[in-house]
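Dumped model.txt below, it's compact mmCIF, C-alpha atoms (C1' of nucleotides):
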# COMPACT_ATOMS: atom_id res chain seq x y z
CA MET G 6 -15.44 14.40 -14.32
CA GLN G 7 -15.97 10.87 -13.18
CA ARG G 8 -14.25 9.64 -16.31
CA GLU G 9 -11.09 11.52 -15.46
CA VAL G 10 -10.87 9.99 -12.01
CA ALA G 11 -11.52 6.56 -13.42
CA ALA G 12 -8.70 7.02 -15.93
CA ILE G 13 -6.30 8.02 -13.17
CA TYR G 14 -7.17 5.01 -11.05
CA LYS G 15 -6.92 2.79 -14.09
CA PHE G 16 -3.37 4.06 -14.52
CA TYR G 17 -2.73 3.41 -10.84
CA ARG G 18 -3.95 -0.14 -11.11
CA ARG G 19 -1.87 -0.83 -14.18
CA HIS G 20 1.36 0.80 -13.02
CA LYS G 21 1.03 0.44 -9.24
CA ARG G 22 1.77 4.13 -8.88
CA MET G 23 -0.04 7.37 -9.49
CA PRO G 24 0.66 9.15 -12.79
CA THR G 25 2.75 12.30 -13.07
CA TYR G 26 1.10 15.47 -14.36
CA ARG G 27 2.67 14.88 -17.73
CA GLU G 28 1.15 11.43 -17.82
CA ILE G 29 -2.23 12.72 -16.70
CA ALA G 30 -2.13 15.26 -19.51
CA ALA G 31 -1.45 12.47 -21.98
CA LEU G 32 -4.27 10.41 -20.45
CA MET G 33 -6.74 13.28 -20.87
CA GLY G 34 -5.50 14.47 -24.24
CA PHE G 35 -4.15 17.78 -22.91
CA ALA G 36 -1.18 19.41 -24.59
CA SER G 37 -0.04 21.12 -21.41
CA LYS G 38 0.69 19.43 -18.14
CA ASN G 39 -0.58 22.53 -16.39
CA ALA G 40 -4.09 21.64 -17.54
CA ALA G 41 -3.61 18.35 -15.71
CA TYR G 42 -2.33 20.24 -12.70
CA LYS G 43 -5.44 22.39 -12.55
CA LEU G 44 -7.68 19.39 -13.03
CA VAL G 45 -6.02 17.58 -10.16
CA GLN G 46 -6.29 20.65 -7.97
CA LYS G 47 -10.00 20.70 -8.61
CA LEU G 48 -10.34 17.00 -7.82
CA VAL G 49 -8.35 17.43 -4.62
CA ARG G 50 -10.55 20.35 -3.61
CA GLU G 51 -13.53 18.05 -4.05
CA GLY G 52 -11.87 15.32 -2.01
CA VAL G 53 -11.78 12.83 -4.85
CA LEU G 54 -7.98 12.73 -4.92
CA GLN G 55 -5.37 13.30 -2.25
CA LYS G 56 -1.81 14.55 -2.05
CA ASP G 57 0.76 13.82 0.60
CA LYS G 58 2.74 16.60 2.19
CA GLU G 59 5.46 16.39 -0.45
CA GLY G 60 2.86 17.11 -3.10
CA ARG G 61 2.80 13.60 -4.48
CA LEU G 62 -0.51 12.25 -5.64
CA VAL G 63 -1.79 9.51 -3.36
CA PRO G 64 -4.60 7.10 -4.17
CA ASN G 65 -7.71 8.04 -2.25
CA ARG G 66 -8.25 5.85 0.75
CA LEU G 67 -11.97 5.69 0.07
CA ARG G 68 -11.23 3.63 -2.98
CA ALA G 69 -8.59 1.43 -1.49
CA GLU G 70 -9.58 0.92 2.08
CA VAL G 71 -12.37 -0.11 4.37
CA ILE G 72 -14.38 2.36 6.38
CA LEU G 73 -14.11 1.57 10.05
CA ALA G 74 -17.64 2.16 11.22
CA GLY G 75 -17.55 1.37 14.93
CA VAL G 76 -19.28 -1.51 16.64
CA VAL G 77 -22.12 -3.60 15.32
CA GLU G 78 -24.61 -2.10 17.76
CA ALA G 79 -24.10 1.27 16.09
CA GLY G 80 -25.35 -0.15 12.82
CA ILE G 81 -24.65 0.97 9.29
CA PRO G 82 -23.60 4.62 9.25
CA SER G 83 -25.41 7.17 7.17
CA GLU G 84 -23.64 8.78 4.27
CA ALA G 85 -23.18 11.96 6.26
CA GLU G 86 -21.42 10.14 9.09
CA VAL G 87 -19.01 8.36 6.76
CA ALA G 88 -16.85 11.42 6.15
CA ALA G 89 -15.71 11.57 9.77
CA LEU G 90 -14.92 7.89 10.10
CA GLU G 91 -11.55 6.26 10.17
CA ARG G 92 -10.23 4.25 7.25
CA LEU G 93 -8.34 1.03 7.39
CA SER G 94 -6.16 -0.69 4.85
CA LEU G 95 -6.41 -4.40 5.36
CA ASP G 96 -3.18 -5.10 3.52
CA GLU G 97 -1.42 -2.68 5.79
CA THR G 98 -3.07 -3.85 8.98
CA LEU G 99 -2.69 -7.53 8.43
CA ILE G 100 0.84 -7.63 7.06
CA GLU G 101 2.62 -5.36 9.46
CA GLY G 102 5.53 -7.48 10.63
CA ASN G 103 8.98 -7.23 9.12
CA ASN G 104 9.06 -10.92 8.31
CA VAL G 105 7.43 -12.52 5.32
CA THR G 106 3.75 -13.28 5.76
CA TYR G 107 2.09 -16.30 4.21
CA ALA G 108 -1.57 -17.14 3.92
CA LEU G 109 -2.48 -20.71 4.73
CA ARG G 110 -5.82 -22.40 4.28
CA VAL G 111 -7.06 -24.18 7.39
CA LYS G 112 -8.04 -27.82 7.24
CA GLY G 113 -9.84 -29.63 10.03
CA ASP G 114 -11.64 -28.40 13.10
CA SER G 115 -8.93 -28.65 15.73
CA MET G 116 -8.91 -24.91 16.35
CA GLU G 117 -12.65 -24.43 16.27
CA GLY G 118 -12.70 -23.32 19.89
CA ALA G 119 -10.54 -20.34 18.95
CA GLY G 120 -12.89 -19.31 16.20
CA ILE G 121 -10.71 -20.75 13.43
CA LEU G 122 -12.83 -22.92 11.18
CA GLU G 123 -12.08 -25.21 8.28
CA GLY G 124 -11.52 -23.18 5.15
CA ASP G 125 -10.43 -20.03 6.97
CA LEU G 126 -7.30 -18.25 5.85
CA VAL G 127 -4.65 -17.72 8.52
CA LEU G 128 -1.97 -15.09 7.98
CA VAL G 129 1.26 -16.46 9.33
CA GLU G 130 4.32 -14.35 9.99
CA CYS G 131 7.44 -16.42 9.54
CA ALA G 132 9.31 -16.86 12.79
CA GLU G 133 11.48 -19.53 14.33
CA ASP G 134 10.29 -18.85 17.82
CA ALA G 135 7.00 -17.81 19.36
CA PRO G 136 5.73 -16.80 22.78
CA VAL G 137 3.92 -19.49 24.75
CA GLY G 138 0.17 -19.09 24.28
CA ALA G 139 0.36 -17.96 20.67
CA ILE G 140 -1.29 -19.83 17.84
CA VAL G 141 1.50 -21.20 15.69
CA VAL G 142 2.10 -23.17 12.55
CA ALA G 143 4.55 -25.79 13.70
CA CYS G 144 6.15 -28.98 12.51
CA ILE G 145 5.87 -31.69 15.13
CA ASP G 146 7.72 -34.93 14.41
CA GLY G 147 7.68 -34.14 10.72
CA GLU G 148 4.05 -33.08 10.40
CA TRP G 149 2.77 -29.53 10.00
CA THR G 150 -0.16 -28.40 12.08
CA LEU G 151 -1.94 -25.36 13.48
CA LYS G 152 -2.17 -25.29 17.28
CA TYR G 153 -1.69 -23.34 20.46
CA LEU G 154 1.89 -23.33 21.70
CA ARG G 155 1.90 -24.41 25.34
CA GLU G 156 4.56 -25.17 27.89
CA GLY G 157 4.46 -27.82 30.61
CA ARG G 158 6.87 -29.74 32.79
CA GLY G 159 8.08 -31.78 29.85
CA GLY G 160 8.80 -28.70 27.78
CA ARG G 161 6.81 -27.19 24.97
CA TYR G 162 3.88 -28.94 23.34
CA LEU G 163 0.99 -28.19 21.05
CA ALA G 164 -2.64 -27.99 22.09
CA ALA G 165 -5.80 -27.82 20.01
CA ALA G 166 -8.62 -25.45 20.84
CA ASN G 167 -11.04 -28.32 20.36
CA PRO G 168 -11.32 -30.62 23.42
CA ARG G 169 -11.81 -33.62 21.16
CA TYR G 170 -8.15 -33.40 20.18
CA PRO G 171 -5.33 -34.50 22.50
CA ASP G 172 -2.31 -32.40 23.33
CA LEU G 173 0.67 -33.14 21.14
CA TYR G 174 3.99 -33.69 22.87
CA PRO G 175 6.90 -33.94 20.47
CA SER G 176 8.64 -37.29 20.57
CA GLU G 177 11.48 -36.05 18.45
CA SER G 178 11.28 -32.45 17.28
CA LEU G 179 9.06 -29.39 17.51
CA ARG G 180 9.89 -26.73 14.95
CA ILE G 181 7.95 -23.49 14.80
CA GLY G 182 7.34 -22.16 11.32
CA GLY G 183 5.39 -19.03 12.07
CA ILE G 184 2.99 -17.17 14.30
CA VAL G 185 -0.65 -16.69 13.34
CA ARG G 186 -1.21 -12.95 13.15
CA ALA G 187 -4.68 -12.88 11.71
CA VAL G 188 -7.60 -15.00 10.62
CA VAL G 189 -9.67 -14.15 7.56
CA ARG G 190 -12.89 -15.82 6.54
CA THR G 191 -14.94 -14.92 3.49
CA TYR G 192 -18.50 -15.90 2.75
CA MET L 27 18.92 -9.23 2.58
CA GLN L 28 15.39 -10.46 3.10
CA ARG L 29 14.95 -7.82 5.75
CA GLU L 30 15.74 -5.02 3.30
CA VAL L 31 13.20 -6.20 0.74
CA ALA L 32 10.56 -6.56 3.43
CA ALA L 33 11.18 -3.00 4.61
CA ILE L 34 10.80 -1.67 1.07
CA TYR L 35 7.51 -3.47 0.56
CA LYS L 36 6.31 -2.37 3.95
CA PHE L 37 6.91 1.18 2.76
CA TYR L 38 5.01 0.41 -0.41
CA ARG L 39 2.05 -0.92 1.50
CA ARG L 40 1.97 2.08 3.76
CA HIS L 41 2.47 4.77 1.12
CA LYS L 42 0.98 3.04 -1.92
CA ARG L 43 4.12 3.85 -3.85
CA MET L 44 7.70 2.68 -3.92
CA PRO L 45 10.24 4.68 -1.92
CA THR L 46 12.83 6.96 -3.50
CA TYR L 47 16.51 6.17 -2.99
CA ARG L 48 16.68 8.83 -0.35
CA GLU L 49 13.80 7.18 1.50
CA ILE L 50 15.36 3.75 1.12
CA ALA L 51 18.56 5.09 2.65
CA ALA L 52 16.56 6.40 5.61
CA LEU L 53 14.78 3.07 5.90
CA MET L 54 18.06 1.17 6.04
CA GLY L 55 19.94 3.67 8.16
CA PHE L 56 22.32 4.68 5.39
CA ALA L 57 23.73 8.20 5.32
CA SER L 58 24.16 8.21 1.57
CA LYS L 59 21.44 7.54 -0.94
CA ASN L 60 24.07 5.99 -3.17
CA ALA L 61 24.31 3.09 -0.72
CA ALA L 62 20.59 2.57 -1.31
CA TYR L 63 21.17 2.81 -5.05
CA LYS L 64 23.79 0.07 -4.94
CA LEU L 65 21.59 -2.09 -2.74
CA VAL L 66 18.70 -1.77 -5.15
CA GLN L 67 20.96 -2.56 -8.09
CA LYS L 68 21.98 -5.75 -6.36
CA LEU L 69 18.40 -6.68 -5.62
CA VAL L 70 17.39 -6.00 -9.20
CA ARG L 71 20.26 -8.13 -10.45
CA GLU L 72 18.91 -10.94 -8.29
CA GLY L 73 15.39 -10.40 -9.60
CA VAL L 74 13.94 -9.50 -6.24
CA LEU L 75 13.03 -5.98 -7.33
CA GLN L 76 12.11 -4.54 -10.70
CA LYS L 77 12.44 -1.23 -12.50
CA ASP L 78 10.37 0.06 -15.37
CA LYS L 79 12.04 1.52 -18.44
CA GLU L 80 12.09 5.01 -16.95
CA GLY L 81 14.15 3.69 -14.07
CA ARG L 82 11.35 3.88 -11.56
CA LEU L 83 11.17 1.17 -8.97
CA VAL L 84 8.14 -1.05 -9.56
CA PRO L 85 6.59 -3.36 -7.00
CA ASN L 86 7.07 -6.95 -8.00
CA ARG L 87 3.33 -7.44 -7.49
CA LEU L 88 4.20 -10.83 -6.28
CA ARG L 89 5.57 -9.40 -3.10
CA ALA L 90 3.28 -6.53 -2.25
CA GLU L 91 0.59 -9.02 -1.54
CA VAL L 92 0.13 -12.03 0.62
CA ILE L 93 1.61 -15.26 -0.57
CA LEU L 94 -1.05 -17.92 -0.76
CA ALA L 95 0.87 -20.91 0.47
CA GLY L 96 -1.63 -23.72 0.37
CA VAL L 97 -3.03 -25.55 3.34
CA VAL L 98 -1.64 -25.65 6.83
CA GLU L 99 -0.60 -29.27 6.50
CA ALA L 100 1.85 -28.24 3.79
CA GLY L 101 3.64 -26.02 6.26
CA ILE L 102 5.76 -22.96 5.62
CA PRO L 103 7.11 -23.05 2.08
CA SER L 104 10.80 -22.85 1.37
CA GLU L 105 12.15 -19.80 -0.41
CA ALA L 106 12.49 -21.80 -3.59
CA GLU L 107 8.83 -22.80 -3.59
CA VAL L 108 7.60 -19.27 -3.02
CA ALA L 109 8.25 -18.18 -6.60
CA ALA L 110 5.59 -20.47 -8.00
CA LEU L 111 2.89 -19.61 -5.49
CA GLU L 112 -0.18 -17.51 -6.00
CA ARG L 113 -0.48 -14.03 -4.55
CA LEU L 114 -3.45 -12.37 -2.99
CA SER L 115 -4.24 -8.75 -2.23
CA LEU L 116 -6.45 -8.72 0.82
CA ASP L 117 -7.82 -5.28 0.09
CA GLU L 118 -8.91 -6.43 -3.33
CA THR L 119 -10.23 -9.79 -2.19
CA LEU L 120 -12.22 -8.57 0.75
CA ILE L 121 -13.74 -5.47 -0.82
CA GLU L 122 -14.95 -6.87 -4.08
CA GLY L 123 -18.64 -6.00 -4.04
CA ASN L 124 -20.01 -3.03 -5.93
CA ASN L 125 -21.59 -1.59 -2.83
CA VAL L 126 -19.78 0.27 -0.08
CA THR L 127 -18.10 -1.97 2.48
CA TYR L 128 -17.88 -1.06 6.11
CA ALA L 129 -15.88 -2.67 8.87
CA LEU L 130 -17.72 -3.19 12.13
CA ARG L 131 -16.28 -4.35 15.44
CA VAL L 132 -18.18 -7.27 16.98
CA LYS L 133 -19.49 -7.04 20.52
CA GLY L 134 -20.85 -9.98 22.45
CA ASP L 135 -20.69 -13.71 21.84
CA SER L 136 -23.99 -14.32 20.07
CA MET L 137 -22.26 -15.49 16.87
CA GLU L 138 -19.58 -17.55 18.56
CA GLY L 139 -20.91 -20.73 16.99
CA ALA L 140 -20.13 -19.30 13.56
CA GLY L 141 -16.56 -18.51 14.52
CA ILE L 142 -17.24 -14.81 15.04
CA LEU L 143 -15.88 -13.76 18.38
CA GLU L 144 -16.04 -10.57 20.40
CA GLY L 145 -13.58 -8.04 19.02
CA ASP L 146 -13.51 -9.49 15.52
CA LEU L 147 -13.93 -7.19 12.56
CA VAL L 148 -16.73 -8.02 10.16
CA LEU L 149 -16.69 -6.58 6.66
CA VAL L 150 -20.23 -5.67 5.76
CA GLU L 151 -21.37 -4.91 2.26
CA CYS L 152 -24.25 -2.48 2.32
CA ALA L 153 -27.46 -4.02 1.04
CA GLU L 154 -31.13 -3.63 1.77
CA ASP L 155 -31.89 -7.25 1.18
CA ALA L 156 -30.06 -10.49 1.82
CA PRO L 157 -30.54 -14.16 1.06
CA VAL L 158 -31.95 -16.30 3.85
CA GLY L 159 -29.11 -18.03 5.66
CA ALA L 160 -26.64 -15.18 5.33
CA ILE L 161 -25.09 -13.44 8.30
CA VAL L 162 -26.45 -9.92 8.30
CA VAL L 163 -26.21 -6.67 10.18
CA ALA L 164 -29.83 -5.80 10.76
CA CYS L 165 -31.96 -3.40 12.73
CA ILE L 166 -34.71 -5.22 14.60
CA ASP L 167 -37.27 -3.05 16.34
CA GLY L 168 -34.82 -0.19 16.44
CA GLU L 169 -31.76 -2.09 17.59
CA TRP L 170 -28.78 -3.09 15.48
CA THR L 171 -27.42 -6.59 15.77
CA LEU L 172 -25.37 -9.25 14.00
CA LYS L 173 -27.24 -12.49 13.33
CA TYR L 174 -28.20 -15.18 10.87
CA LEU L 175 -31.13 -14.24 8.68
CA ARG L 176 -33.73 -17.02 8.85
CA GLU L 177 -37.22 -17.49 7.53
CA GLY L 178 -40.12 -19.31 9.20
CA ARG L 179 -43.86 -19.43 8.97
CA GLY L 180 -44.16 -16.04 10.62
CA GLY L 181 -41.76 -14.46 8.14
CA ARG L 182 -38.17 -13.53 8.53
CA TYR L 183 -36.39 -13.50 11.83
CA LEU L 184 -32.90 -13.33 13.26
CA ALA L 185 -31.06 -16.22 14.88
CA ALA L 186 -27.83 -16.26 16.86
CA ALA L 187 -25.18 -18.90 16.32
CA ASN L 188 -24.96 -19.35 20.06
CA PRO L 189 -27.72 -21.60 21.51
CA ARG L 190 -27.85 -19.48 24.66
CA TYR L 191 -29.52 -16.73 22.65
CA PRO L 192 -33.15 -16.90 21.56
CA ASP L 193 -34.37 -16.28 18.05
CA LEU L 194 -35.47 -12.73 17.44
CA TYR L 195 -38.83 -12.23 15.76
CA PRO L 196 -39.50 -8.63 14.83
CA SER L 197 -42.53 -7.19 16.60
CA GLU L 198 -42.47 -4.11 14.41
CA SER L 199 -39.71 -3.91 11.84
CA LEU L 200 -36.76 -5.83 10.51
CA ARG L 201 -34.43 -3.74 8.38
CA ILE L 202 -31.34 -5.25 6.82
CA GLY L 203 -28.31 -2.98 6.74
CA GLY L 204 -25.78 -5.20 5.11
CA ILE L 205 -24.42 -8.66 4.48
CA VAL L 206 -21.33 -9.96 6.23
CA ARG L 207 -18.82 -10.75 3.52
CA ALA L 208 -15.77 -11.50 5.64
CA VAL L 209 -14.52 -11.82 9.17
CA VAL L 210 -11.08 -10.61 10.20
CA ARG L 211 -9.39 -11.26 13.51
CA THR L 212 -5.92 -10.05 14.47
CA TYR L 213 -3.79 -11.24 17.34
C1' DA I 24 52.15 -8.25 2.69
C1' DT I 25 49.41 -7.28 -1.02
C1' DA I 26 45.63 -7.10 -4.06
C1' DA I 27 40.83 -7.51 -4.82
C1' DT I 28 36.30 -6.95 -3.36
C1' DA I 29 31.95 -5.62 -0.96
C1' DG I 30 29.74 -2.00 1.07
C1' DG I 31 29.74 2.46 2.70
C1' DT I 32 30.28 8.19 2.21
C1' DG I 33 29.80 12.61 -0.18
C1' DA I 34 29.57 15.53 -4.11
C1' DA I 35 28.02 16.34 -8.59
C1' DC I 36 25.13 16.08 -13.06
C1' DG I 37 21.22 16.27 -16.16
C1' DA I 38 16.49 15.22 -16.40
C1' DG I 39 11.98 15.33 -14.83
C1' DC I 40 9.10 16.64 -11.08
C1' DG I 41 5.45 19.78 -8.94
C1' DT I 42 4.38 24.41 -9.12
C1' DT I 43 3.83 29.24 -10.68
C1' DC I 44 3.17 32.89 -13.92
C1' DA I 45 1.49 35.19 -18.00
C1' DC I 46 -1.56 34.72 -21.48
C1' DC I 47 -5.52 33.14 -24.61
C1' DC I 48 -10.32 32.20 -25.59
C1' DG I 49 -15.14 30.83 -25.22
C1' DT I 50 -19.36 31.30 -22.06
C1' DC I 51 -22.36 33.51 -19.17
C1' DA I 52 -24.18 37.30 -16.07
C1' DA I 53 -24.57 42.03 -15.32
C1' DT M 1 -21.01 45.70 -24.23
C1' DT M 2 -18.40 44.49 -20.81
C1' DG M 3 -16.13 41.96 -17.38
C1' DA M 4 -15.49 37.94 -14.60
C1' DC M 5 -14.45 33.21 -14.94
C1' DG M 6 -13.46 28.33 -16.15
C1' DG M 7 -10.42 25.73 -18.86
C1' DG M 8 -6.83 25.53 -21.89
C1' DT M 9 -1.53 26.72 -23.71
C1' DG M 10 3.45 27.44 -23.10
C1' DA M 11 7.45 28.87 -20.68
C1' DA M 12 9.94 29.13 -16.59
C1' DC M 13 11.60 28.14 -11.68
C1' DG M 14 13.63 25.58 -8.09
C1' DC M 15 13.82 21.11 -6.06
C1' DT M 16 14.34 16.29 -6.01
C1' DC M 17 14.95 12.38 -8.71
C1' DG M 18 18.00 8.58 -10.61
C1' DT M 19 22.60 8.06 -11.76
C1' DT M 20 27.65 8.56 -11.89
C1' DC M 21 32.17 9.42 -10.07
C1' DA M 22 35.88 9.57 -6.73
C1' DC M 23 37.09 8.05 -2.49
C1' DC M 24 37.21 5.45 2.02
C1' DT M 25 37.29 1.52 4.82
C1' DA M 26 37.00 -3.55 6.48
C1' DT M 27 37.27 -8.19 5.10
C1' DT M 28 38.86 -11.86 2.19
C1' DA M 29 41.85 -14.33 -1.23
C1' DT M 30 46.32 -14.68 -3.11

Write the structure described by the file as structure tokens, please.
Amino acid sequence: MQREVAAIYKFYRRHKRMPTYREIAALMGFASKNAAYKLVQKLVREGVLQKDKEGRLVPNRLRAEVILAGVVEAGIPSEAEVAALERLSLDETLIEGNNVTYALRVKGDSMEGAGILEGDLVLVECAEDAPVGAIVVACIDGEWTLKYLREGRGGRYLAAANPRYPDLYPSESLRIGGIVRAVVRTY
Amino acid sequence: MQREVAAIYKFYRRHKRMPTYREIAALMGFASKNAAYKLVQKLVREGVLQKDKEGRLVPNRLRAEVILAGVVEAGIPSEAEVAALERLSLDETLIEGNNVTYALRVKGDSMEGAGILEGDLVLVECAEDAPVGAIVVACIDGEWTLKYLREGRGGRYLAAANPRYPDLYPSESLRIGGIVRAVVRTY
DNA sequence: ATAATAGGTGAACGAGCGTTCACCCGTCAA
DNA sequence: TTGACGGGTGAACGCTCGTTCACCTATTAT
């Protein structure tokens, strides 16, 4: 039972799609794809697999996504509570824009005040413009940096979140490369 | 051109499968799925998309995931550089442990010094024990909280990363619920 | 002006899809 | 002994898939 599910997810990982019933039958050694159909029905009934409304097999979110368990003060949920909780795909949540998203490793402590530390990964959506106040990856006078985008009398400039760093006013050019959409830190 | 590819991969991320030609047509606003077919053919010819030998559209795994583009100082890579860069699936990277991983929303500013702000999402791997020094979700005298796990003469205690908060020594019990493996913040 | 081309529509085709039906055969309970 | 049942086979059904064909514009090159 568990072996069957593992085989299906192995197929999914290798092919980046769920198998057809014919392929499941081959995976399990069945001669008839109907045997695979009945097996899948059983697994769906048990909640191990899922189908979308068109009947296509969909990878179970439990295996692919994070369980959103409320706030810290609520603590770790019991196994019984987990069923009712929302799921969250990080890939989906963090890369939602239509533009290309890059991950950049942060160097230095200039954005420490905004909770962005050295070594963090920032997810940057490519954009040539950004709203004032956003955290941007920008090229100022030929050098790339990660800062707040601010606007003053003299036009736009870059500001660190760390008071030990001065504001940066462009002497020649200020080109925005992208907007920071998310910060990810792993331990 | 880049917009179309992005839309297709956005569909892939949301549905965990590639779209059919009919769905691509809907995505692009075409009335005929043949327009989608021709578009895909062009993209395949350019190597932006791939098909397997059965003619199914296959995600160019290089695009379904985040492009790891080096450090901030290197800036946004040009389209030519992108081909050589590493890719990264956030779901896979952030949920690597064998135990169940939960996402918890952070309340309060007690871990501000560690770059964990109010509203951030912490990914917590369930565990009943944790190494000293780790950031843990723990239940101290019946209350759940997010702190550093420390050890002193009197045994283990919890410490905030914000100096305005006192260390917490358990008067009765200190139960560890999980270890913080990652922090995610979206803007 | 004319031809060629890129990019769209709409209809059609065979193949493969998910699904259903009828049937077979061990196992187990009544 | 009998009958229900779980798990398998094989054939069949519509629907949707990828693919092809004929045709219709605009735009561009000759």

Would you mind listing, for every residue of chain I within 10 Å of chain L, the two atoms forming the shortest contact and the distance between them in Å to one decimal, using only C-alpha atoms (C1' of nucleotides), sorted by chain and ascending residue number, as a tab-separated table?
residue	atom	partner	partner_atom	distance
I:DG30	C1'	L:Ala61	CA	7.7
I:DG31	C1'	L:Ala61	CA	6.4
I:DT32	C1'	L:Ser58	CA	6.2
I:DG33	C1'	L:Ser58	CA	7.4

- request: Find, counting only C-alpha atoms, the residue in G:Ser115, G:Gln55, G:Ser178, G:Thr191 that gets nearest to chain L.
  value: G:Thr191

task: Give as a VMD selection string every residue of chain L that touches chain M within 10 Å, counting only C-alpha atoms (C1' of nucleotides).
output: chain L and resid 46 to 48 60 63 80 to 82

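Taking CA of Val188 in chain G and CA of Gly204 in chain L as the two end points, the separation is 21.4 Å.
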
field: Among the residues G:Val189, G:Val49, G:Val127, G:Val10, the one that comes closest to chain L [using all atoms listed in the file]
entry: G:Val189

query: How many Å separate CA of Lys112 in chain G from CA of Thr127 in chain L?
result: 28.1 Å

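Pairwise distance (C1' of DC36 in chain I, CA of Lys77 in chain L) equals 21.5 Å.
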
List as a PDB file with C-alpha atoms, in the coordinates of the input: which residues have an atom within 12 Å of (6.9, -41.1, 18.1), counting all atoms listed in the file?
ATOM      1  CA  ILE G 145       5.870 -31.690  15.130  1.00  0.00           C
ATOM      2  CA  ASP G 146       7.720 -34.930  14.410  1.00  0.00           C
ATOM      3  CA  GLY G 147       7.680 -34.140  10.720  1.00  0.00           C
ATOM      4  CA  GLU G 148       4.050 -33.080  10.400  1.00  0.00           C
ATOM      5  CA  LEU G 173       0.670 -33.140  21.140  1.00  0.00           C
ATOM      6  CA  TYR G 174       3.990 -33.690  22.870  1.00  0.00           C
ATOM      7  CA  PRO G 175       6.900 -33.940  20.470  1.00  0.00           C
ATOM      8  CA  SER G 176       8.640 -37.290  20.570  1.00  0.00           C
ATOM      9  CA  GLU G 177      11.480 -36.050  18.450  1.00  0.00           C
ATOM     10  CA  SER G 178      11.280 -32.450  17.280  1.00  0.00           C
ATOM     11  CA  LEU G 179       9.060 -29.390  17.510  1.00  0.00           C
TER      12      LEU G 179
END

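If you count only C-alpha atoms (C1' of nucleotides) and ignore residues fewer than 5 places along the chain from range 149-164 of chain L, what sits within 6 Å of it is Asn125, Val126, Thr127, Tyr128, Ala129, Trp170, Thr171, Leu172, Lys173, Tyr174, Leu175, Arg176, Arg201, Ile202, Gly203, Gly204, Ile205, Val206, Arg207 and Ala208 of chain L.
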
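Each of L:Leu184, L:Leu147, L:Leu83, L:Met137 was compared to His20 in chain G using only C-alpha atoms, and L:Leu83 turns out to be the nearest.
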
message: From the options G:Asp125, G:Glu9, G:Glu51, G:Glu28, which residue's atoms come nearest to chain L, counting all atoms listed in the file?
response: G:Asp125

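Among the candidate residues G:Ala165, G:Pro24, G:Leu109, G:Val53, the one lying nearest to chain L is G:Leu109, with distances computed using all atoms listed in the file.
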